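See below for input_16.pdb, which holds PDB, C-alpha atoms and all ligand atoms.
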MODEL        1
ATOM      1  CA  MET D   1     -52.250  61.988 -39.656  1.00  0.00           C
ATOM      2  CA  GLU D   2     -55.106  59.621 -38.922  1.00  0.00           C
ATOM      3  CA  GLU D   3     -56.315  58.896 -35.436  1.00  0.00           C
ATOM      4  CA  TYR D   4     -55.084  55.483 -34.263  1.00  0.00           C
ATOM      5  CA  THR D   5     -57.946  53.167 -33.284  1.00  0.00           C
ATOM      6  CA  ILE D   6     -57.460  51.172 -30.115  1.00  0.00           C
ATOM      7  CA  LYS D   7     -59.609  48.069 -30.487  1.00  0.00           C
ATOM      8  CA  ASN D   8     -58.346  45.992 -27.599  1.00  0.00           C
ATOM      9  CA  THR D   9     -55.850  46.247 -24.775  1.00  0.00           C
ATOM     10  CA  THR D  10     -54.723  43.466 -22.474  1.00  0.00           C
ATOM     11  CA  PHE D  11     -52.659  43.547 -19.316  1.00  0.00           C
ATOM     12  CA  VAL D  12     -49.534  41.470 -19.942  1.00  0.00           C
ATOM     13  CA  MET D  13     -47.402  41.636 -16.833  1.00  0.00           C
ATOM     14  CA  SER D  14     -46.034  43.639 -13.954  1.00  0.00           C
ATOM     15  CA  ALA D  15     -42.224  43.611 -14.042  1.00  0.00           C
ATOM     16  CA  VAL D  16     -40.354  44.224 -10.777  1.00  0.00           C
ATOM     17  CA  SER D  17     -37.090  45.000 -12.574  1.00  0.00           C
ATOM     18  CA  SER D  18     -36.042  46.178 -16.006  1.00  0.00           C
ATOM     19  CA  SER D  19     -34.715  42.676 -16.779  1.00  0.00           C
ATOM     20  CA  ALA D  20     -37.987  40.904 -15.923  1.00  0.00           C
ATOM     21  CA  VAL D  21     -39.784  42.321 -18.961  1.00  0.00           C
ATOM     22  CA  PRO D  22     -41.829  40.407 -21.612  1.00  0.00           C
ATOM     23  CA  GLU D  23     -39.800  38.251 -24.008  1.00  0.00           C
ATOM     24  CA  GLU D  24     -42.188  38.992 -26.833  1.00  0.00           C
ATOM     25  CA  PHE D  25     -40.850  42.054 -28.632  1.00  0.00           C
ATOM     26  CA  ALA D  26     -43.133  44.912 -29.613  1.00  0.00           C
ATOM     27  CA  MET D  27     -42.670  48.668 -29.673  1.00  0.00           C
ATOM     28  CA  GLU D  28     -42.913  50.264 -26.215  1.00  0.00           C
ATOM     29  CA  ILE D  29     -44.428  53.657 -25.414  1.00  0.00           C
ATOM     30  CA  ALA D  30     -43.901  54.562 -21.749  1.00  0.00           C
ATOM     31  CA  MET D  31     -45.761  56.882 -19.365  1.00  0.00           C
ATOM     32  CA  VAL D  32     -43.311  58.943 -17.325  1.00  0.00           C
ATOM     33  CA  GLY D  33     -43.919  61.666 -14.734  1.00  0.00           C
ATOM     34  CA  ARG D  34     -44.378  62.610 -11.102  1.00  0.00           C
ATOM     35  CA  SER D  35     -46.489  60.505  -8.772  1.00  0.00           C
ATOM     36  CA  ASN D  36     -50.157  61.378  -9.123  1.00  0.00           C
ATOM     37  CA  VAL D  37     -49.723  63.353 -12.367  1.00  0.00           C
ATOM     38  CA  ARG D  38     -52.325  60.925 -13.920  1.00  0.00           C
ATOM     39  CA  LYS D  39     -50.114  58.463 -15.830  1.00  0.00           C
ATOM     40  CA  SER D  40     -52.268  55.409 -15.147  1.00  0.00           C
ATOM     41  CA  SER D  41     -55.449  57.426 -15.724  1.00  0.00           C
ATOM     42  CA  LEU D  42     -54.150  58.648 -19.085  1.00  0.00           C
ATOM     43  CA  LEU D  43     -53.444  55.068 -20.148  1.00  0.00           C
ATOM     44  CA  ASN D  44     -56.982  54.042 -19.137  1.00  0.00           C
ATOM     45  CA  SER D  45     -58.496  57.042 -20.884  1.00  0.00           C
ATOM     46  CA  LEU D  46     -56.598  56.362 -24.109  1.00  0.00           C
ATOM     47  CA  CYS D  47     -57.727  52.734 -24.094  1.00  0.00           C
ATOM     48  CA  ASN D  48     -61.250  53.692 -23.010  1.00  0.00           C
ATOM     49  CA  ASN D  49     -61.108  51.154 -20.176  1.00  0.00           C
ATOM     50  CA  PHE D  50     -61.033  52.655 -16.732  1.00  0.00           C
ATOM     51  CA  LYS D  51     -60.407  49.314 -15.039  1.00  0.00           C
ATOM     52  CA  LEU D  52     -57.160  48.578 -16.898  1.00  0.00           C
ATOM     53  CA  ALA D  53     -54.417  50.276 -14.842  1.00  0.00           C
ATOM     54  CA  LYS D  54     -54.969  50.827 -11.129  1.00  0.00           C
ATOM     55  CA  VAL D  55     -55.325  54.474 -10.105  1.00  0.00           C
ATOM     56  CA  SER D  56     -55.533  56.126  -6.722  1.00  0.00           C
ATOM     57  CA  GLN D  57     -55.812  59.564  -5.162  1.00  0.00           C
ATOM     58  CA  ALA D  58     -52.909  58.562  -2.947  1.00  0.00           C
ATOM     59  CA  PRO D  59     -49.574  59.046  -4.754  1.00  0.00           C
ATOM     60  CA  GLY D  60     -47.316  56.031  -5.163  1.00  0.00           C
ATOM     61  CA  LYS D  61     -49.984  53.674  -6.560  1.00  0.00           C
ATOM     62  CA  THR D  62     -48.007  52.240  -9.503  1.00  0.00           C
ATOM     63  CA  ARG D  63     -44.977  50.382  -8.139  1.00  0.00           C
ATOM     64  CA  HIS D  64     -43.737  48.238 -11.034  1.00  0.00           C
ATOM     65  CA  ILE D  65     -43.248  48.330 -14.819  1.00  0.00           C
ATOM     66  CA  ASN D  66     -46.743  47.444 -16.033  1.00  0.00           C
ATOM     67  CA  TYR D  67     -47.122  46.209 -19.599  1.00  0.00           C
ATOM     68  CA  PHE D  68     -50.351  46.564 -21.592  1.00  0.00           C
ATOM     69  CA  LEU D  69     -50.519  45.177 -25.149  1.00  0.00           C
ATOM     70  CA  VAL D  70     -52.576  47.309 -27.549  1.00  0.00           C
ATOM     71  CA  ASN D  71     -54.156  45.690 -30.650  1.00  0.00           C
ATOM     72  CA  ASP D  72     -51.416  42.996 -30.455  1.00  0.00           C
ATOM     73  CA  GLU D  73     -49.231  45.710 -31.995  1.00  0.00           C
ATOM     74  CA  PHE D  74     -47.395  47.723 -29.316  1.00  0.00           C
ATOM     75  CA  TYR D  75     -47.033  48.033 -25.550  1.00  0.00           C
ATOM     76  CA  LEU D  76     -48.202  50.944 -23.457  1.00  0.00           C
ATOM     77  CA  VAL D  77     -46.003  50.827 -20.370  1.00  0.00           C
ATOM     78  CA  ASP D  78     -47.150  52.354 -17.088  1.00  0.00           C
ATOM     79  CA  LEU D  79     -44.294  53.292 -14.768  1.00  0.00           C
ATOM     80  CA  PRO D  80     -44.058  54.325 -11.109  1.00  0.00           C
ATOM     81  CA  GLY D  81     -44.010  58.068 -10.549  1.00  0.00           C
ATOM     82  CA  TYR D  82     -41.105  59.978  -9.066  1.00  0.00           C
ATOM     83  CA  GLY D  83     -41.084  62.758  -6.489  1.00  0.00           C
ATOM     84  CA  PHE D  84     -43.408  61.302  -3.879  1.00  0.00           C
ATOM     85  CA  ALA D  85     -42.127  62.791  -0.603  1.00  0.00           C
ATOM     86  CA  LYS D  86     -43.678  60.241   1.758  1.00  0.00           C
ATOM     87  CA  THR D  87     -41.984  57.170   0.268  1.00  0.00           C
ATOM     88  CA  SER D  88     -39.076  55.742   2.266  1.00  0.00           C
ATOM     89  CA  LYS D  89     -35.551  56.539   1.102  1.00  0.00           C
ATOM     90  CA  LYS D  90     -34.978  52.877   0.216  1.00  0.00           C
ATOM     91  CA  GLU D  91     -38.138  52.722  -1.907  1.00  0.00           C
ATOM     92  CA  LYS D  92     -37.229  55.993  -3.674  1.00  0.00           C
ATOM     93  CA  GLU D  93     -33.830  54.544  -4.544  1.00  0.00           C
ATOM     94  CA  ARG D  94     -35.456  51.360  -5.869  1.00  0.00           C
ATOM     95  CA  TRP D  95     -37.803  53.383  -8.120  1.00  0.00           C
ATOM     96  CA  SER D  96     -35.001  55.600  -9.329  1.00  0.00           C
ATOM     97  CA  VAL D  97     -32.884  52.567 -10.305  1.00  0.00           C
ATOM     98  CA  LEU D  98     -35.921  50.902 -11.906  1.00  0.00           C
ATOM     99  CA  LEU D  99     -36.674  53.994 -14.008  1.00  0.00           C
ATOM    100  CA  GLU D 100     -33.109  54.647 -15.105  1.00  0.00           C
ATOM    101  CA  ASP D 101     -32.443  50.971 -15.907  1.00  0.00           C
ATOM    102  CA  TYR D 102     -35.623  50.868 -17.947  1.00  0.00           C
ATOM    103  CA  LEU D 103     -34.946  54.125 -19.818  1.00  0.00           C
ATOM    104  CA  SER D 104     -31.394  53.084 -20.628  1.00  0.00           C
ATOM    105  CA  SER D 105     -32.411  49.557 -21.746  1.00  0.00           C
ATOM    106  CA  GLY D 106     -33.055  50.660 -25.341  1.00  0.00           C
ATOM    107  CA  ARG D 107     -36.503  49.030 -25.282  1.00  0.00           C
ATOM    108  CA  VAL D 108     -38.522  52.197 -25.002  1.00  0.00           C
ATOM    109  CA  LYS D 109     -39.138  53.797 -28.386  1.00  0.00           C
ATOM    110  CA  HIS D 110     -41.220  56.779 -27.261  1.00  0.00           C
ATOM    111  CA  ILE D 111     -41.977  58.509 -23.960  1.00  0.00           C
ATOM    112  CA  PHE D 112     -45.064  60.396 -22.954  1.00  0.00           C
ATOM    113  CA  LEU D 113     -43.682  62.816 -20.368  1.00  0.00           C
ATOM    114  CA  LEU D 114     -46.580  63.989 -18.215  1.00  0.00           C
ATOM    115  CA  LEU D 115     -46.504  67.315 -16.400  1.00  0.00           C
ATOM    116  CA  ASP D 116     -49.157  69.170 -14.406  1.00  0.00           C
ATOM    117  CA  ILE D 117     -50.622  71.932 -16.601  1.00  0.00           C
ATOM    118  CA  ARG D 118     -50.941  74.276 -13.598  1.00  0.00           C
ATOM    119  CA  HIS D 119     -47.430  74.137 -12.165  1.00  0.00           C
ATOM    120  CA  GLU D 120     -43.818  74.933 -12.956  1.00  0.00           C
ATOM    121  CA  PRO D 121     -41.940  71.677 -13.605  1.00  0.00           C
ATOM    122  CA  THR D 122     -40.085  70.460 -10.513  1.00  0.00           C
ATOM    123  CA  VAL D 123     -36.360  69.801 -10.214  1.00  0.00           C
ATOM    124  CA  GLU D 124     -37.149  66.093 -10.704  1.00  0.00           C
ATOM    125  CA  ASP D 125     -39.173  66.821 -13.859  1.00  0.00           C
ATOM    126  CA  LYS D 126     -36.191  68.715 -15.230  1.00  0.00           C
ATOM    127  CA  GLN D 127     -33.847  65.874 -14.290  1.00  0.00           C
ATOM    128  CA  MET D 128     -36.165  63.399 -16.012  1.00  0.00           C
ATOM    129  CA  TYR D 129     -36.202  65.563 -19.142  1.00  0.00           C
ATOM    130  CA  GLN D 130     -32.387  65.627 -19.101  1.00  0.00           C
ATOM    131  CA  TRP D 131     -32.317  61.814 -18.851  1.00  0.00           C
ATOM    132  CA  ILE D 132     -34.649  61.540 -21.837  1.00  0.00           C
ATOM    133  CA  ILE D 133     -32.414  63.853 -23.873  1.00  0.00           C
ATOM    134  CA  TYR D 134     -29.286  62.034 -22.684  1.00  0.00           C
ATOM    135  CA  TYR D 135     -30.656  58.641 -23.768  1.00  0.00           C
ATOM    136  CA  GLY D 136     -31.952  60.177 -27.017  1.00  0.00           C
ATOM    137  CA  ILE D 137     -35.468  58.814 -26.647  1.00  0.00           C
ATOM    138  CA  PRO D 138     -38.189  60.504 -28.750  1.00  0.00           C
ATOM    139  CA  PHE D 139     -40.834  62.060 -26.509  1.00  0.00           C
ATOM    140  CA  THR D 140     -44.139  63.916 -26.398  1.00  0.00           C
ATOM    141  CA  ILE D 141     -44.872  66.303 -23.538  1.00  0.00           C
ATOM    142  CA  VAL D 142     -48.398  65.930 -22.199  1.00  0.00           C
ATOM    143  CA  ALA D 143     -49.818  68.571 -19.846  1.00  0.00           C
ATOM    144  CA  THR D 144     -52.326  66.769 -17.623  1.00  0.00           C
ATOM    145  CA  LYS D 145     -55.289  67.963 -15.549  1.00  0.00           C
ATOM    146  CA  ALA D 146     -56.384  70.288 -18.391  1.00  0.00           C
ATOM    147  CA  ASP D 147     -59.915  70.232 -16.935  1.00  0.00           C
ATOM    148  CA  LYS D 148     -58.625  72.383 -14.057  1.00  0.00           C
ATOM    149  CA  LEU D 149     -58.192  75.349 -16.416  1.00  0.00           C
ATOM    150  CA  ALA D 150     -60.657  77.240 -18.594  1.00  0.00           C
ATOM    151  CA  PHE D 151     -60.657  76.015 -22.184  1.00  0.00           C
ATOM    152  CA  THR D 152     -59.224  79.294 -23.528  1.00  0.00           C
ATOM    153  CA  LYS D 153     -56.210  79.131 -21.175  1.00  0.00           C
ATOM    154  CA  ARG D 154     -55.231  75.508 -21.702  1.00  0.00           C
ATOM    155  CA  GLN D 155     -53.000  75.500 -24.778  1.00  0.00           C
ATOM    156  CA  ASN D 156     -50.998  78.492 -23.638  1.00  0.00           C
ATOM    157  CA  ALA D 157     -50.511  77.011 -20.146  1.00  0.00           C
ATOM    158  CA  ALA D 158     -49.493  73.646 -21.633  1.00  0.00           C
ATOM    159  CA  ASN D 159     -46.919  75.312 -23.904  1.00  0.00           C
ATOM    160  CA  MET D 160     -45.519  77.328 -20.992  1.00  0.00           C
ATOM    161  CA  VAL D 161     -44.932  74.136 -19.009  1.00  0.00           C
ATOM    162  CA  ALA D 162     -42.880  72.670 -21.875  1.00  0.00           C
ATOM    163  CA  LYS D 163     -40.944  75.923 -22.224  1.00  0.00           C
ATOM    164  CA  SER D 164     -40.145  76.023 -18.480  1.00  0.00           C
ATOM    165  CA  LEU D 165     -38.744  72.526 -18.792  1.00  0.00           C
ATOM    166  CA  GLY D 166     -36.288  73.739 -21.413  1.00  0.00           C
ATOM    167  CA  ALA D 167     -38.060  71.793 -24.173  1.00  0.00           C
ATOM    168  CA  PRO D 168     -39.518  73.137 -27.434  1.00  0.00           C
ATOM    169  CA  PRO D 169     -42.558  75.160 -26.327  1.00  0.00           C
ATOM    170  CA  TYR D 170     -45.368  72.783 -27.199  1.00  0.00           C
ATOM    171  CA  ALA D 171     -47.291  70.357 -25.013  1.00  0.00           C
ATOM    172  CA  LEU D 172     -50.474  68.448 -25.635  1.00  0.00           C
ATOM    173  CA  ALA D 173     -53.205  69.464 -23.147  1.00  0.00           C
ATOM    174  CA  TYR D 174     -54.967  66.389 -21.763  1.00  0.00           C
ATOM    175  CA  SER D 175     -57.633  65.473 -19.247  1.00  0.00           C
ATOM    176  CA  SER D 176     -58.424  61.840 -18.586  1.00  0.00           C
ATOM    177  CA  GLU D 177     -61.567  62.968 -16.818  1.00  0.00           C
ATOM    178  CA  THR D 178     -63.107  64.825 -19.777  1.00  0.00           C
ATOM    179  CA  GLN D 179     -61.070  63.011 -22.499  1.00  0.00           C
ATOM    180  CA  THR D 180     -59.760  66.393 -23.738  1.00  0.00           C
ATOM    181  CA  GLY D 181     -56.746  65.814 -25.998  1.00  0.00           C
ATOM    182  CA  ARG D 182     -57.516  62.126 -26.583  1.00  0.00           C
ATOM    183  CA  GLU D 183     -57.994  62.449 -30.331  1.00  0.00           C
ATOM    184  CA  THR D 184     -54.772  64.434 -30.701  1.00  0.00           C
ATOM    185  CA  LEU D 185     -52.819  61.896 -28.665  1.00  0.00           C
ATOM    186  CA  LEU D 186     -54.262  59.029 -30.731  1.00  0.00           C
ATOM    187  CA  LYS D 187     -53.112  60.831 -33.893  1.00  0.00           C
ATOM    188  CA  ARG D 188     -49.696  61.149 -32.278  1.00  0.00           C
ATOM    189  CA  ILE D 189     -49.656  57.389 -31.635  1.00  0.00           C
ATOM    190  CA  GLY D 190     -50.551  56.823 -35.306  1.00  0.00           C
ATOM    191  CA  ALA D 191     -47.553  58.948 -36.317  1.00  0.00           C
ATOM    192  CA  ILE D 192     -45.195  57.224 -33.826  1.00  0.00           C
ATOM    193  CA  ILE D 193     -46.171  53.767 -35.080  1.00  0.00           C
ATOM    194  CA  GLY D 194     -45.891  54.899 -38.718  1.00  0.00           C
ATOM    195  CA  ASP D 195     -42.379  56.288 -38.080  1.00  0.00           C
ATOM    196  CA  THR D 196     -41.237  53.132 -36.280  1.00  0.00           C
ATOM    197  CA  VAL D 197     -42.517  50.828 -39.038  1.00  0.00           C
ATOM    198  CA  GLN D 198     -40.781  53.028 -41.654  1.00  0.00           C
ATOM    199  CA  LYS D 199     -37.514  52.961 -39.680  1.00  0.00           C
ATOM    200  CA  CYS D 200     -37.643  49.155 -39.260  1.00  0.00           C
ATOM    201  CA  THR D 201     -38.278  48.735 -43.002  1.00  0.00           C
ATOM    202  CA  LYS D 202     -35.292  50.999 -43.805  1.00  0.00           C
ATOM    203  CA  ASP D 203     -33.082  49.065 -41.341  1.00  0.00           C
ATOM    204  CA  ILE D 204     -34.071  45.740 -42.947  1.00  0.00           C
ATOM    205  CA  ASP D 205     -33.529  47.172 -46.478  1.00  0.00           C
ATOM    206  CA  SER D 206     -30.032  48.400 -45.589  1.00  0.00           C
ATOM    207  CA  GLU D 207     -28.937  45.006 -44.139  1.00  0.00           C
TER
HETATM  208  N1  LIG D 301     -59.542  66.243 -11.894  1.00  0.00           N
HETATM  209  C1  LIG D 301     -58.994  65.191 -12.505  1.00  0.00           C
HETATM  210  N2  LIG D 301     -58.629  64.108 -11.792  1.00  0.00           N
HETATM  211  C2  LIG D 301     -58.094  63.043 -12.426  1.00  0.00           C
HETATM  212  C3  LIG D 301     -57.884  63.061 -13.835  1.00  0.00           C
HETATM  213  N3  LIG D 301     -57.285  61.887 -14.195  1.00  0.00           N
HETATM  214  C4  LIG D 301     -57.134  61.187 -13.065  1.00  0.00           C
HETATM  215  N4  LIG D 301     -57.606  61.841 -11.999  1.00  0.00           N
HETATM  216  C5  LIG D 301     -57.528  61.351 -10.610  1.00  0.00           C
HETATM  217  O1  LIG D 301     -56.168  61.579 -10.183  1.00  0.00           O
HETATM  218  C6  LIG D 301     -55.742  60.581  -9.260  1.00  0.00           C
HETATM  219  C7  LIG D 301     -54.324  60.060  -9.578  1.00  0.00           C
HETATM  220  O2  LIG D 301     -54.287  59.447 -10.829  1.00  0.00           O
HETATM  221  P1  LIG D 301     -53.257  58.254 -11.231  1.00  0.00           P
HETATM  222  O3  LIG D 301     -53.574  57.986 -12.662  1.00  0.00           O
HETATM  223  O4  LIG D 301     -53.358  57.096 -10.272  1.00  0.00           O
HETATM  224  O5  LIG D 301     -51.831  58.931 -11.092  1.00  0.00           O
HETATM  225  P2  LIG D 301     -50.380  58.302 -11.434  1.00  0.00           P
HETATM  226  O6  LIG D 301     -49.593  59.346 -12.140  1.00  0.00           O
HETATM  227  O7  LIG D 301     -50.537  57.001 -12.132  1.00  0.00           O
HETATM  228  O8  LIG D 301     -49.762  58.094  -9.991  1.00  0.00           O
HETATM  229  P3  LIG D 301     -48.613  57.035  -9.476  1.00  0.00           P
HETATM  230  O9  LIG D 301     -49.035  55.669  -9.922  1.00  0.00           O
HETATM  231  O10 LIG D 301     -48.640  57.192  -7.989  1.00  0.00           O
HETATM  232  O11 LIG D 301     -47.320  57.486 -10.049  1.00  0.00           O
HETATM  233  C8  LIG D 301     -56.834  59.528  -9.278  1.00  0.00           C
HETATM  234  O12 LIG D 301     -57.611  59.695  -8.095  1.00  0.00           O
HETATM  235  C9  LIG D 301     -57.662  59.845 -10.506  1.00  0.00           C
HETATM  236  O13 LIG D 301     -59.027  59.482 -10.352  1.00  0.00           O
HETATM  237  C10 LIG D 301     -58.281  64.236 -14.574  1.00  0.00           C
HETATM  238  O14 LIG D 301     -58.155  64.327 -15.796  1.00  0.00           O
HETATM  239  N5  LIG D 301     -58.825  65.260 -13.840  1.00  0.00           N
HETATM  240 MG    MG D 302     -49.939  55.134 -11.660  1.00  0.00          MG
ENDMDL
END

Would you give me this structure, written as structure tokens?
Amino acid sequence: MEEYTIKNTTFVMSAVSSSAVPEEFAMEIAMVGRSNVRKSSLLNSLCNNFKLAKVSQAPGKTRHINYFLVNDEFYLVDLPGYGFAKTSKKEKERWSVLLEDYLSSGRVKHIFLLLDIRHEPTVEDKQMYQWIIYYGIPFTIVATKADKLAFTKRQNAANMVAKSLGAPPYALAYSSETQTGRETLLKRIGAIIGDTVQKCTKDIDSE
């Protein structure tokens, strides 16, 4: 599969609820994972624009459903992270409702589930994985912070993370700092877009 080329990305909007999303329809690929796992950084790294999505060392930076339009073709959607202990109970509930409403809306065609390459998935990671399976959304597991491990240990560690989650034992090792894994993820995007176009064509043909 060929590497997908991202020529331009524009910020479209920040939705405060799953019903306040863009009217314009395009395929949506969403970034899902714990707070601070590098979701926004991965989006910036993929698009080669480190000013696109706001990042912070402090967890809880992304608070809404942020839409970025890539090549006028599909949306990359940056979501708030879960599992940030210092957020108030009310805020945690709001994020949980926001995430579940969004995942169950049928809009999201593919999820990049981000997990820390160095740690066992948390209870919340496992719950998120169960949601993804329950809603039947295609996904790719991405093991972030790959730069924290020696090159020779990365792929094995990434696969172990996926296995511990209960998923098929493969994850893509990524580092937004060193751009490790970027080419592979861009190939993945090429395949996802190819599959979606094929499916839409089949659906139209069978009407
Ligand atoms: N060492 C290292 N640090 C990184 C990497 N990518 C991002 N960071 C730093 O990690 C911090 C958190 O990154 P974010 O992308 O904001 O994390 P997030 O998952 O979007 O967090 P929330 O929006 O709170 O859910 C930032 O300070 C980044 O500069 C990486 O590949 N390696
Ligand atoms: Mg973020």

Selection near Tyr75 (chain D), 12 Å with only C-alpha atoms, sequence-local residues under 2 positions removed, as number ranges by chain: D: 6, 8-13, 21-22, 24-31, 43, 47, 65-73, 77-78, 107-111, 189, 193

One-decimal distance in Å that lies between CA of Val161 (chain D) and CA of Ile117 (chain D):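 It comes out at 6.6 Å.
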
Shell of 10 Å around ligand LIG 301 (chain D) (only C-alpha atoms and all ligand atoms), written as a PyMOL selection string: chain D and resi 31-45+50+53-64+78-84+114-115+144-148+174-180

Atom-to-atom span, CA of Asn48 (chain D) and CA of Ala191 (chain D), Å: 19.8 Å

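Our summary of the geometry notes that CA of Lys153 (chain D) is positioned 13.9 Å from CA of Tyr170 (chain D).
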
Surrounding residues of Glu3 (chain D) excluding itself and chain neighbours under 3 positions, 7 Å, only C-alpha atoms, as an MDAnalysis selection string: chainID D and resid 183 186:187 190

Proximity to Leu185 (chain D) - best of D:Leu98, D:Leu103, D:Leu165, D:Ala143, only C-alpha atoms: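 The answer is D:Ala143, which sits nearest to Leu185 (chain D).
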
Best match for closeness to Gly181 (chain D) among D:Leu46, D:Ser104, D:Asp195, D:Gln130, counting all atoms listed in the file: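 Looking only at the distances to Gly181 (chain D), the closest residue turns out to be D:Leu46.
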
Residue among D:Thr184, D:Ser19, D:Asn49, D:Thr140 lying closest to Val97 (chain D), counting only C-alpha atoms: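 Once distances to Val97 (chain D) are computed over only C-alpha atoms, the minimum belongs to D:Ser19.
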
Shortest interatomic distance to Val142 (chain D) - which of D:Val16, D:Met128, D:Leu113, D:Met160, counting all atoms listed in the file: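 The closest residue to Val142 (chain D) is D:Leu113.
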
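For the residues D:Ala150, D:Ala173, D:Met1, D:Ser17, ranking by smallest atom-to-atom distance to Asp101 (chain D) using all atoms listed in the file places D:Ser17 first.
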
Best match for closeness to ligand MG 302 (chain D) among D:Leu52, D:Val123, D:Ile133, D:Ala167, counting only C-alpha atoms and all ligand atoms: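 For ligand MG 302 (chain D), the nearest of the given residues is D:Leu52.
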
Box time for region 114-129 of chain D: axis-aligned, enclosing all its listed atoms, 4 Å extra on each side; report centre and edge lengths in Å to one decimal, as JSON.
{"center_x": -42.4, "center_y": 69.2, "center_z": -14.7, "size_x": 25.1, "size_y": 19.5, "size_z": 16.9}
